[in-house]
Amino acid sequence: MRRGEIVTAFILAALSIYMMWKSTELDIGYATGVGPGGGSWPFWLSAVMLICTGCIAYNWARRSSPPSQSDEPVLDAEGLRMLIQVGGGIIGFVGLTSIISIYGAMALFLFYYVRILGRHSLALSLAITLLTPTIFFFFFEGLMRITLPKGLSFTDPFFNVLYDLIY
Amino acid sequence: MEILGLLSDGLLLALQPINVGMILIGVTIGLFIGAMPGLGSVNGVAILLPITFLVPPESAIIFLAAIYYGAMYGGAISSITLGIPGASTAVATTFDGRPLALQGRASLALVTAALASFVGGTISVILFTLFAPLLASVALSFGPPEIFALMLLAFATFVGLGGDDIPKTVLSICLGLVLASVGFDEISGEPRLVFFDISGFLHGINFLVLAIGVYGIGEMMWTIDTTRGKITTTESRMTLRGAIADAGEFLRRAWRGTAIGSSLGFFVGILPAAGATPGSLMSYGVAKMLARDGNEYGKGHPDGVAAPEAANNSASTGSMLPMLTLGIPGSPTTAILLGGMVIWGLTPGPRLFTDQPEFVWGLIGSFYISNFFALVINLSFIPLFIWMLRMPFTILAPMIFVLSIVGGSAATKDMHDVWLIVIFGLAAFFLRKFDYPLAPAVLAIVLGPIAEPTLRQSLLLSSGDPMIFLNRPIAGPITVIAIILIFMPLLKMVRNRMRQQSEKTA
Amino acid sequence: MTMLSSFVTKTLGAAAVAFAAMSGSASAWEPTKPIDFVIMAGAGGGADQIARFIQSVAEKKGLTSRPLVPNNKGGGSGAEALIHLKGASDPDHTILVTLNSYFTTPLRQKGLGIDVKTFTPVAMMGVDPFVLWVHKDSGITTFEDWVEKVKADNGEYVMGGTGSGQEDSLVITFMEQNFGLDIKYIPYKGGGAVAKDLAGQQIMASVNNPAEAKGFYEAGDVVPLIAFSDERLAAYPDVRTVKEIGKDFSYYNQRAVVGAPGQSAEAAEYYQKLFETIYNTEEWQEYMTSESLSPLWMAPEDQTAYWQLQIDNHVELLAKMEE
């Protein structure tokens with residue numbers, strides 16, 4: 001945790017500096033008669049963020065914050081496995097959305113999580129995997145008239161049939 | 001007394017079978033839309049607007065207002081049961097609603113939210129009935145300096161909401177405010193902070209993107225990590241006797257928050273630029289500040305659920321007021337209602353009350369009735385939501401992730417924002433580990449887009465002179481109170497720290 | 001009710017198809033999925049209200065076999081919407097409701113690489129005129145008095161608008177340059193907020209569309225001084241146009257629908273017919289009257305010529321603003 005705390009502070013400091021630099025694309029000064037320019041608000045707030053990361057680093061050096069006193073690892077082996085399994089699953093879910101539609105990706109993600117991570121029975125897993133996207137489709141596309149990502153065009157024939165059903 | 005006559009006519013109109021039917025359907029639809037993270041009253045009202053052409057205008061607006069109402073009740077449900085604020089108006093509800101649910105007291109939180117919403121809604125309708133025209137002129141006298149002063153007050157009321165680590169709390173607030181400024185600077189008309197020149201940043205970062213990332217993904221992963229996935233949320237069950245006991249506890253422990261939320265929410269709600277979100281945040285902050293057991297807030301205090309819930313219902317009635325009397329929408333939802341009225345051939349504005357009394361009073365009458373039905377319907381669905389909570393965590397967790405991604409996608413219609421949700425979620429997971437409070441960032445991204453333009457508009461008005469916030473009759477006192485509130489806890493904290501320091505060295 | 005409306009939609013859709021077949025029309029193209037109905041402005045503003053009105057008319061009459069799904073992309077003064085259309089994965093199902101930022105945004109943000117002439121013309125639903133408004137308590141009733149007052153205030157006269165480079169700011173720049181005025185300009189998020197702050201006397205005057213200021217006008221809070229239209233507006237017969245006082249100038253906000261670049265000719269024809277039907281409905285005609293929109297129906301090929309004219313106009317107006 002101790003190393004993680006200072007690394008996080010450094011990343012946030014770098015982010016603040018990037019945002020300050022990006023803000024300078026607009027006027028960051030205080031023009032007389034018209035008040036602050038377009039970049040002032042983000043620039044000075046990012047500057048405050050930078051100062052805060054400095055304070056955090058100072059507290060770290062003094063070992064005054066709880067994470068800076070802790071010798072526990074940020075992620076132990078099991079935590080890391082969880083991060084890869086769950087975080088990776090979510091990234092896979094979103095990545096697949098652009099390819100096989102949000103409904104297909106949702107089904108795969110649910111099956112992966114409920115069956116493989118959760119070790120529930122196959123019947124329950126399949127029920128959740130198939131019912132959820134179906135309910136979502138009819139709720140969003142049918143009732144709410146909100147279109148969600150359909151992925152690449154090869155999914156069109158499938159959804160066109162469904163559209164015929166609901167419209 | 002003329003008002004009573006008009007009101008009873010309105011109530012009679014609202015009680016016609018078709019209108020009661022509209023209210024029942026509308027409230028139920030609204031409840032579920034509101035409970036869905038990512039969908040709020042705006043979606044419900046916008047989508048069902050075209051359907052209302054099949055019925056007379058009075059019934060149509062009653063239907064849409066019922067959806068609006070139902071969604072305000074529903075927002076609390078995902079805040080409490082899933083820990084994700086379904087709409088910006090329900091952010092503050094998570095602060096105490098979620099801890100209560102984790103303690104196995106979800107039913108208390110849900111009952112409190114429902115009852116507080118009912119009281120807030122009813123009080124505001126009464127205020128609305130009595131003072132509508134008068135309050136409309138108050139709303140007009142709030143220009144940019146007044147709104148900015150009010151935002152300053154909102155920030156002041158939640159200075160104390162962060163953790164103990166001052167630099168991390170300040171950093172979180174600033175991060176939220178900077179993220180709020182991404183996209184487009186409306187004052188200079190230039191694109192701003194378009195990170196890495198990715199065009200998806202042009203529309204800015206929607207509050208929901210950060211909120212769903214932080215609560216729906218980051219917080220969930222943190223929970224799985226710290227509990228090793230062996231979480232059995234609650235053993236709570238919903239029985240009639242339990243509900244009555246919860247109602248009793250609401251009366252004993254949440255009346256103060258309800259009273260503060262109902263009144264404050266209404267007055268903030270009638271101001272066109274502010275609306276229900278600042279209203280509910282300020283009510284939470286004020287309730288906490290005035291409470292003797294303020295340190296119990298955030299750990300599951302019923303007042304902490306009641307104050308924002310009473311406020312957001314109260315404010316949503318309040319935000320109808322500028323729409324009806326001035327023709328100015330106080331929130332995106334009322335903007336769409338306004339569009340609907342134009343389509344039905346009604347002109348919202350100062351003359352609506354005299355030209356279309358039966359329409360206006362029918363609508364006001366329906367507020368009373370909707371409120372009552374929303375309470376009943378909400379209470380009767382609570383067992384369903386409690387049942388959801390009892391699902392095994394390996395089913396509940398993926399469902400929450402799916403809801404987060406689908407909700408984010410539906411609200412923004414842009415894969416760019418869905419990826420941002422994931423990035424914010426992973427970042428929030430790590431920041432949470434290092435004790436960074438993230439609620440201040442979420443609040444800041446909601447208030448930033450109101451605060452910055454009003455600040456700069458005011459300074460343009462005054463030719464750059466900041467005294468404009470002090471020498472105007474309404475803005476002045478608000479600013480002074482806000483500044484005192486901001487510095488009070490800071491001074492207190494510094495003093496405590498110095499005392500601790502001297503004790504240590506001594 | 002959804003079922004009912006979808007039944008109506010299906011029946012009418014089938015009828016439309018049958019009719020098209022009978023009349024021997026070559027166009028048999030029908031949308032196969034929901035139509036991405038992009039709006040070049042955020043939710044709640046004037047452009048959004050018009051778009052949602054159009055959508056609800058289509059819905060009410062069951063004119064499309066697939067719904068028009070409103071999609072607000074107002075970011076970057078509409079840049080977001082233009083980028084979205086340019087990169088549309090399915091141009092046949094993507095259309096856009098525009099306002100004048102359709103011309104100004106590509107001119108002001110050259111880096112976007114947008115050429116609006118590549119877009120597909122669909123329909124010009126009407127144009128929204130601009131009017132100069134003051135608060136009644138100012139006591140000003142004529143444009144001449146107003147010019148005097150602004151001159152007397154010597155740079156301290158405050159007007160509100162929707163942002164520099166936006167429609168109203170171009171009109172204000174025109175007045176500054178042609179009547180020798182110096183105006184302090186406060187940008188707001190939308191025309192509705194401007195009208196409200198005029199009624200609340202936070203600002204002294206505004207250039208608003210009639211639709212935005214109508215409520216306050218009817219309540220007697222605000223007074224129209226001059227219209228920037230070619231002819232007097234029917235709803236404000238006593239308000240002179242700027243042409244009547246000898247300046248050859250008029251300025252309107254366009255309310256037009258365009259298709260994504262690369263839209264197939266069949267799809268374009270479908271949308272052109274659809275919006276012509278909507279244009280001719282009683283609802284739209286009444287809406288134009290009540291909101292003081294001027295009709296300006298144009299055939300698709302004339303629209304392209306009109307775009308070029310507008311681009312040239314805006315190059316000139318924006319250049320003047322830089323001065």
# chains A, B, ... in the order shown; residues from 1 in each chain; ligands from 1
call {"tool": "residues_around", "arguments": {"residues": "Thr129 of chain B", "least_positions_apart": "5", "cutoff": "12 Å", "atoms": "only C-alpha atoms", "output": "ChimeraX atom specification"}}
result
/B:1-8,10,122-124,134-135,317-318,320-321,353,360-368
call {"tool": "interface_residues", "arguments": {"of": "chain C", "to": "chain A", "cutoff": "7 Å", "atoms": "only C-alpha atoms", "output": "list in words"}}
result
Ser6, Thr32, Lys33, Arg66 and Val69 of chain C
call {"tool": "closest_atom_pairs", "arguments": {"of": "segment 164-261 of chain C", "to": "segment 310-317 of chain C", "cutoff": "12 Å", "atoms": "only C-alpha atoms", "output": "CSV"}}
result
residue,atom,partner,partner_atom,distance
C:Gly165,CA,C:Leu317,CA,9.3
C:Gln166,CA,C:His314,CA,10.7
C:Glu167,CA,C:His314,CA,9.9
C:Asp168,CA,C:Leu317,CA,11.7
C:Ser169,CA,C:Leu317,CA,10.1
C:Leu170,CA,C:Leu317,CA,6.6
C:Val171,CA,C:Leu317,CA,9.0
C:Ile172,CA,C:Leu317,CA,10.9
C:Thr173,CA,C:Leu317,CA,8.5
C:Phe174,CA,C:Leu317,CA,8.0
C:Met175,CA,C:Leu317,CA,11.8
C:Gln177,CA,C:Leu317,CA,11.1
C:Phe249,CA,C:Asn313,CA,10.9
C:Ser250,CA,C:Asn313,CA,11.0
C:Tyr251,CA,C:Asn313,CA,10.0
C:Tyr252,CA,C:Gln310,CA,10.4
C:Asn253,CA,C:Gln310,CA,10.8
C:Gln254,CA,C:Gln310,CA,10.0
call {"tool": "write_last_selection", "arguments": {"atoms": "N, CA and C atoms", "output": "PDB file, in the first residue's frame"}}
result
ATOM      1  N   GLY C 165     -20.592  33.988 -31.908  1.00  0.00           N
ATOM      2  CA  GLY C 165     -20.577  33.133 -33.086  1.00  0.00           C
ATOM      3  C   GLY C 165     -21.917  32.466 -33.318  1.00  0.00           C
ATOM      4  N   GLN C 166     -22.819  32.536 -32.314  1.00  0.00           N
ATOM      5  CA  GLN C 166     -24.146  31.958 -32.491  1.00  0.00           C
ATOM      6  C   GLN C 166     -25.039  32.968 -33.220  1.00  0.00           C
ATOM      7  N   GLU C 167     -26.215  32.489 -33.615  1.00  0.00           N
ATOM      8  CA  GLU C 167     -27.091  33.262 -34.485  1.00  0.00           C
ATOM      9  C   GLU C 167     -27.340  34.677 -33.961  1.00  0.00           C
ATOM     10  N   ASP C 168     -27.788  34.766 -32.688  1.00  0.00           N
ATOM     11  CA  ASP C 168     -28.166  36.090 -32.196  1.00  0.00           C
ATOM     12  C   ASP C 168     -26.968  37.024 -32.119  1.00  0.00           C
ATOM     13  N   SER C 169     -25.777  36.455 -31.866  1.00  0.00           N
ATOM     14  CA  SER C 169     -24.606  37.323 -31.752  1.00  0.00           C
ATOM     15  C   SER C 169     -24.248  37.929 -33.110  1.00  0.00           C
ATOM     16  N   LEU C 170     -24.548  37.203 -34.187  1.00  0.00           N
ATOM     17  CA  LEU C 170     -24.295  37.757 -35.517  1.00  0.00           C
ATOM     18  C   LEU C 170     -25.215  38.949 -35.765  1.00  0.00           C
ATOM     19  N   VAL C 171     -26.470  38.816 -35.301  1.00  0.00           N
ATOM     20  CA  VAL C 171     -27.412  39.916 -35.476  1.00  0.00           C
ATOM     21  C   VAL C 171     -26.970  41.123 -34.641  1.00  0.00           C
ATOM     22  N   ILE C 172     -26.496  40.848 -33.418  1.00  0.00           N
ATOM     23  CA  ILE C 172     -26.069  41.942 -32.552  1.00  0.00           C
ATOM     24  C   ILE C 172     -24.834  42.628 -33.156  1.00  0.00           C
ATOM     25  N   THR C 173     -23.928  41.822 -33.716  1.00  0.00           N
ATOM     26  CA  THR C 173     -22.759  42.406 -34.365  1.00  0.00           C
ATOM     27  C   THR C 173     -23.192  43.306 -35.527  1.00  0.00           C
ATOM     28  N   PHE C 174     -24.189  42.827 -36.263  1.00  0.00           N
ATOM     29  CA  PHE C 174     -24.704  43.645 -37.361  1.00  0.00           C
ATOM     30  C   PHE C 174     -25.168  45.008 -36.840  1.00  0.00           C
ATOM     31  N   MET C 175     -25.912  45.004 -35.731  1.00  0.00           N
ATOM     32  CA  MET C 175     -26.431  46.266 -35.198  1.00  0.00           C
ATOM     33  C   MET C 175     -25.298  47.159 -34.711  1.00  0.00           C
ATOM     34  N   GLN C 177     -22.306  47.301 -35.802  1.00  0.00           N
ATOM     35  CA  GLN C 177     -21.515  47.881 -36.882  1.00  0.00           C
ATOM     36  C   GLN C 177     -22.306  48.866 -37.722  1.00  0.00           C
ATOM     37  N   PHE C 249     -30.939  43.826 -44.652  1.00  0.00           N
ATOM     38  CA  PHE C 249     -30.449  42.743 -43.799  1.00  0.00           C
ATOM     39  C   PHE C 249     -31.634  41.929 -43.320  1.00  0.00           C
ATOM     40  N   SER C 250     -31.485  40.628 -43.349  1.00  0.00           N
ATOM     41  CA  SER C 250     -32.464  39.777 -42.669  1.00  0.00           C
ATOM     42  C   SER C 250     -31.705  38.556 -42.190  1.00  0.00           C
ATOM     43  N   TYR C 251     -32.212  37.955 -41.116  1.00  0.00           N
ATOM     44  CA  TYR C 251     -31.504  36.793 -40.588  1.00  0.00           C
ATOM     45  C   TYR C 251     -32.497  35.822 -39.969  1.00  0.00           C
ATOM     46  N   TYR C 252     -32.394  34.585 -40.377  1.00  0.00           N
ATOM     47  CA  TYR C 252     -33.297  33.539 -39.880  1.00  0.00           C
ATOM     48  C   TYR C 252     -32.486  32.351 -39.390  1.00  0.00           C
ATOM     49  N   ASN C 253     -33.080  31.590 -38.490  1.00  0.00           N
ATOM     50  CA  ASN C 253     -32.494  30.323 -38.074  1.00  0.00           C
ATOM     51  C   ASN C 253     -33.185  29.230 -38.883  1.00  0.00           C
ATOM     52  N   GLN C 254     -32.406  28.399 -39.578  1.00  0.00           N
ATOM     53  CA  GLN C 254     -33.071  27.406 -40.415  1.00  0.00           C
ATOM     54  C   GLN C 254     -33.503  26.189 -39.589  1.00  0.00           C
TER      55      GLN C 254
END
call {"tool": "closest_residue", "arguments": {"among": "B:Leu153, B:Leu193, B:Thr334, B:Phe250", "to": "Thr24 of chain A", "atoms": "only C-alpha atoms"}}
result
B:Leu193
call {"tool": "interface_residues", "arguments": {"of": "chain C", "to": "chain B", "cutoff": "7 Å", "atoms": "only C-alpha atoms", "output": "MDAnalysis selection string"}}
result
chainID C and resid 43:44 49 53 56 59:60 74:76 80 163:164 186:187 189 192 196:197 200 202 215:216 219
call {"tool": "write_last_selection", "arguments": {"atoms": "N, CA and C atoms", "output": "PDB file, in the first residue's frame"}}
result
ATOM      1  N   ALA C  43     -31.001  18.798 -25.117  1.00  0.00           N
ATOM      2  CA  ALA C  43     -32.405  18.598 -24.796  1.00  0.00           C
ATOM      3  C   ALA C  43     -33.010  19.870 -24.220  1.00  0.00           C
ATOM      4  N   GLY C  44     -34.218  20.191 -24.648  1.00  0.00           N
ATOM      5  CA  GLY C  44     -34.960  21.281 -24.014  1.00  0.00           C
ATOM      6  C   GLY C  44     -34.935  22.597 -24.764  1.00  0.00           C
ATOM      7  N   GLN C  49     -37.154  21.239 -29.211  1.00  0.00           N
ATOM      8  CA  GLN C  49     -38.616  21.198 -29.154  1.00  0.00           C
ATOM      9  C   GLN C  49     -39.209  20.979 -30.534  1.00  0.00           C
ATOM     10  N   PHE C  53     -41.313  17.812 -31.791  1.00  0.00           N
ATOM     11  CA  PHE C  53     -42.648  18.024 -32.350  1.00  0.00           C
ATOM     12  C   PHE C  53     -42.793  17.243 -33.657  1.00  0.00           C
ATOM     13  N   SER C  56     -43.128  13.655 -32.973  1.00  0.00           N
ATOM     14  CA  SER C  56     -44.420  13.235 -32.442  1.00  0.00           C
ATOM     15  C   SER C  56     -45.503  13.286 -33.507  1.00  0.00           C
ATOM     16  N   GLU C  59     -45.140  10.124 -35.345  1.00  0.00           N
ATOM     17  CA  GLU C  59     -45.625   9.038 -34.493  1.00  0.00           C
ATOM     18  C   GLU C  59     -47.154   9.015 -34.469  1.00  0.00           C
ATOM     19  N   LYS C  60     -47.719  10.201 -34.269  1.00  0.00           N
ATOM     20  CA  LYS C  60     -49.174  10.308 -34.150  1.00  0.00           C
ATOM     21  C   LYS C  60     -49.865   9.825 -35.414  1.00  0.00           C
ATOM     22  N   GLY C  74     -25.617  17.942 -29.045  1.00  0.00           N
ATOM     23  CA  GLY C  74     -25.415  19.384 -29.158  1.00  0.00           C
ATOM     24  C   GLY C  74     -23.999  19.820 -28.868  1.00  0.00           C
ATOM     25  N   GLY C  75     -23.135  18.877 -28.471  1.00  0.00           N
ATOM     26  CA  GLY C  75     -21.788  19.231 -28.012  1.00  0.00           C
ATOM     27  C   GLY C  75     -20.996  20.020 -29.040  1.00  0.00           C
ATOM     28  N   GLY C  76     -20.163  20.945 -28.539  1.00  0.00           N
ATOM     29  CA  GLY C  76     -19.293  21.711 -29.415  1.00  0.00           C
ATOM     30  C   GLY C  76     -20.067  22.498 -30.448  1.00  0.00           C
ATOM     31  N   GLU C  80     -20.421  17.921 -32.618  1.00  0.00           N
ATOM     32  CA  GLU C  80     -20.599  16.513 -32.298  1.00  0.00           C
ATOM     33  C   GLU C  80     -21.587  15.846 -33.262  1.00  0.00           C
ATOM     34  N   GLY C 163     -24.287  32.927 -27.192  1.00  0.00           N
ATOM     35  CA  GLY C 163     -22.851  32.708 -27.303  1.00  0.00           C
ATOM     36  C   GLY C 163     -22.268  33.364 -28.536  1.00  0.00           C
ATOM     37  N   SER C 164     -21.001  33.771 -28.428  1.00  0.00           N
ATOM     38  CA  SER C 164     -20.405  34.472 -29.560  1.00  0.00           C
ATOM     39  C   SER C 164     -20.249  33.509 -30.725  1.00  0.00           C
ATOM     40  N   ILE C 186     -23.563  39.035 -22.928  1.00  0.00           N
ATOM     41  CA  ILE C 186     -23.431  37.949 -21.953  1.00  0.00           C
ATOM     42  C   ILE C 186     -23.944  36.647 -22.573  1.00  0.00           C
ATOM     43  N   PRO C 187     -23.092  35.647 -22.716  1.00  0.00           N
ATOM     44  CA  PRO C 187     -23.556  34.384 -23.304  1.00  0.00           C
ATOM     45  C   PRO C 187     -24.326  33.510 -22.301  1.00  0.00           C
ATOM     46  N   LYS C 189     -26.782  29.645 -21.937  1.00  0.00           N
ATOM     47  CA  LYS C 189     -26.826  28.290 -22.475  1.00  0.00           C
ATOM     48  C   LYS C 189     -27.858  28.118 -23.587  1.00  0.00           C
ATOM     49  N   GLY C 192     -34.032  30.165 -24.229  1.00  0.00           N
ATOM     50  CA  GLY C 192     -35.031  30.241 -23.166  1.00  0.00           C
ATOM     51  C   GLY C 192     -34.482  30.952 -21.948  1.00  0.00           C
ATOM     52  N   LYS C 196     -35.779  34.502 -20.236  1.00  0.00           N
ATOM     53  CA  LYS C 196     -36.132  34.563 -18.818  1.00  0.00           C
ATOM     54  C   LYS C 196     -35.366  35.672 -18.112  1.00  0.00           C
ATOM     55  N   ASP C 197     -34.071  35.791 -18.412  1.00  0.00           N
ATOM     56  CA  ASP C 197     -33.303  36.831 -17.744  1.00  0.00           C
ATOM     57  C   ASP C 197     -33.624  38.228 -18.270  1.00  0.00           C
ATOM     58  N   GLY C 200     -36.670  38.998 -16.221  1.00  0.00           N
ATOM     59  CA  GLY C 200     -36.266  39.286 -14.852  1.00  0.00           C
ATOM     60  C   GLY C 200     -35.340  40.489 -14.771  1.00  0.00           C
ATOM     61  N   GLN C 202     -32.347  40.945 -15.716  1.00  0.00           N
ATOM     62  CA  GLN C 202     -30.925  40.736 -15.462  1.00  0.00           C
ATOM     63  C   GLN C 202     -30.122  41.312 -16.629  1.00  0.00           C
ATOM     64  N   GLY C 215     -44.247  33.931 -24.495  1.00  0.00           N
ATOM     65  CA  GLY C 215     -44.962  33.917 -23.215  1.00  0.00           C
ATOM     66  C   GLY C 215     -44.848  35.243 -22.495  1.00  0.00           C
ATOM     67  N   PHE C 216     -43.640  35.784 -22.470  1.00  0.00           N
ATOM     68  CA  PHE C 216     -43.413  37.051 -21.763  1.00  0.00           C
ATOM     69  C   PHE C 216     -44.036  38.221 -22.509  1.00  0.00           C
ATOM     70  N   ALA C 219     -47.639  38.286 -21.712  1.00  0.00           N
ATOM     71  CA  ALA C 219     -47.871  38.780 -20.359  1.00  0.00           C
ATOM     72  C   ALA C 219     -47.544  40.259 -20.242  1.00  0.00           C
TER      73      ALA C 219
END
call {"tool": "residues_around", "arguments": {"residues": "segment 260-270 of chain B", "least_positions_apart": "3", "cutoff": "8 Å", "atoms": "only C-alpha atoms", "output": "ChimeraX atom specification"}}
result
/B:119-121,123-124,135-136,139,256-257,274-276,278-280,282-284,286-287,306-322,330
call {"tool": "closest_residue", "arguments": {"among": "A:Ile100, A:Met49, A:Ala127, A:Leu122", "to": "chain B", "atoms": "only C-alpha atoms"}}
result
A:Met49
call {"tool": "decode", "arguments": {"residues": "segment 66-107 of chain C", "atoms": "C-alpha atoms", "output": "PDB file, in the first residue's frame"}}
result
ATOM      1  CA  ARG C  66     -39.739   2.233 -37.858  1.00  0.00           C
ATOM      2  CA  PRO C  67     -39.685   4.933 -35.175  1.00  0.00           C
ATOM      3  CA  LEU C  68     -37.669   8.135 -35.359  1.00  0.00           C
ATOM      4  CA  VAL C  69     -35.458   7.933 -32.266  1.00  0.00           C
ATOM      5  CA  PRO C  70     -34.400  11.428 -31.106  1.00  0.00           C
ATOM      6  CA  ASN C  71     -30.682  11.627 -30.325  1.00  0.00           C
ATOM      7  CA  ASN C  72     -29.442  14.919 -28.861  1.00  0.00           C
ATOM      8  CA  LYS C  73     -25.882  15.720 -29.904  1.00  0.00           C
ATOM      9  CA  GLY C  74     -25.415  19.384 -29.158  1.00  0.00           C
ATOM     10  CA  GLY C  75     -21.788  19.231 -28.012  1.00  0.00           C
ATOM     11  CA  GLY C  76     -19.293  21.711 -29.415  1.00  0.00           C
ATOM     12  CA  SER C  77     -22.010  23.917 -30.929  1.00  0.00           C
ATOM     13  CA  GLY C  78     -23.266  21.000 -32.983  1.00  0.00           C
ATOM     14  CA  ALA C  79     -19.793  19.774 -34.011  1.00  0.00           C
ATOM     15  CA  GLU C  80     -20.599  16.513 -32.298  1.00  0.00           C
ATOM     16  CA  ALA C  81     -23.694  15.977 -34.442  1.00  0.00           C
ATOM     17  CA  LEU C  82     -21.829  16.752 -37.669  1.00  0.00           C
ATOM     18  CA  ILE C  83     -19.049  14.326 -36.769  1.00  0.00           C
ATOM     19  CA  HIS C  84     -21.632  11.716 -35.872  1.00  0.00           C
ATOM     20  CA  LEU C  85     -23.304  12.073 -39.249  1.00  0.00           C
ATOM     21  CA  LYS C  86     -20.056  12.121 -41.160  1.00  0.00           C
ATOM     22  CA  GLY C  87     -19.028   8.845 -39.540  1.00  0.00           C
ATOM     23  CA  ALA C  88     -22.489   7.271 -39.556  1.00  0.00           C
ATOM     24  CA  SER C  89     -22.154   3.518 -39.962  1.00  0.00           C
ATOM     25  CA  ASP C  90     -25.567   3.328 -41.576  1.00  0.00           C
ATOM     26  CA  PRO C  91     -26.235   6.584 -43.487  1.00  0.00           C
ATOM     27  CA  ASP C  92     -29.587   5.301 -44.742  1.00  0.00           C
ATOM     28  CA  HIS C  93     -30.940   5.344 -41.196  1.00  0.00           C
ATOM     29  CA  THR C  94     -29.325   8.553 -39.991  1.00  0.00           C
ATOM     30  CA  ILE C  95     -30.862  12.005 -40.397  1.00  0.00           C
ATOM     31  CA  LEU C  96     -30.199  15.329 -38.694  1.00  0.00           C
ATOM     32  CA  VAL C  97     -32.326  18.288 -37.627  1.00  0.00           C
ATOM     33  CA  THR C  98     -30.239  21.399 -38.159  1.00  0.00           C
ATOM     34  CA  LEU C  99     -30.063  25.024 -37.200  1.00  0.00           C
ATOM     35  CA  ASN C 100     -27.618  27.659 -38.401  1.00  0.00           C
ATOM     36  CA  SER C 101     -24.711  26.148 -36.536  1.00  0.00           C
ATOM     37  CA  TYR C 102     -24.873  23.734 -39.466  1.00  0.00           C
ATOM     38  CA  PHE C 103     -23.141  26.531 -41.418  1.00  0.00           C
ATOM     39  CA  THR C 104     -21.204  28.358 -38.715  1.00  0.00           C
ATOM     40  CA  THR C 105     -19.654  25.430 -36.818  1.00  0.00           C
ATOM     41  CA  PRO C 106     -17.695  23.982 -39.783  1.00  0.00           C
ATOM     42  CA  LEU C 107     -16.549  27.529 -40.612  1.00  0.00           C
TER      43      LEU C 107
END
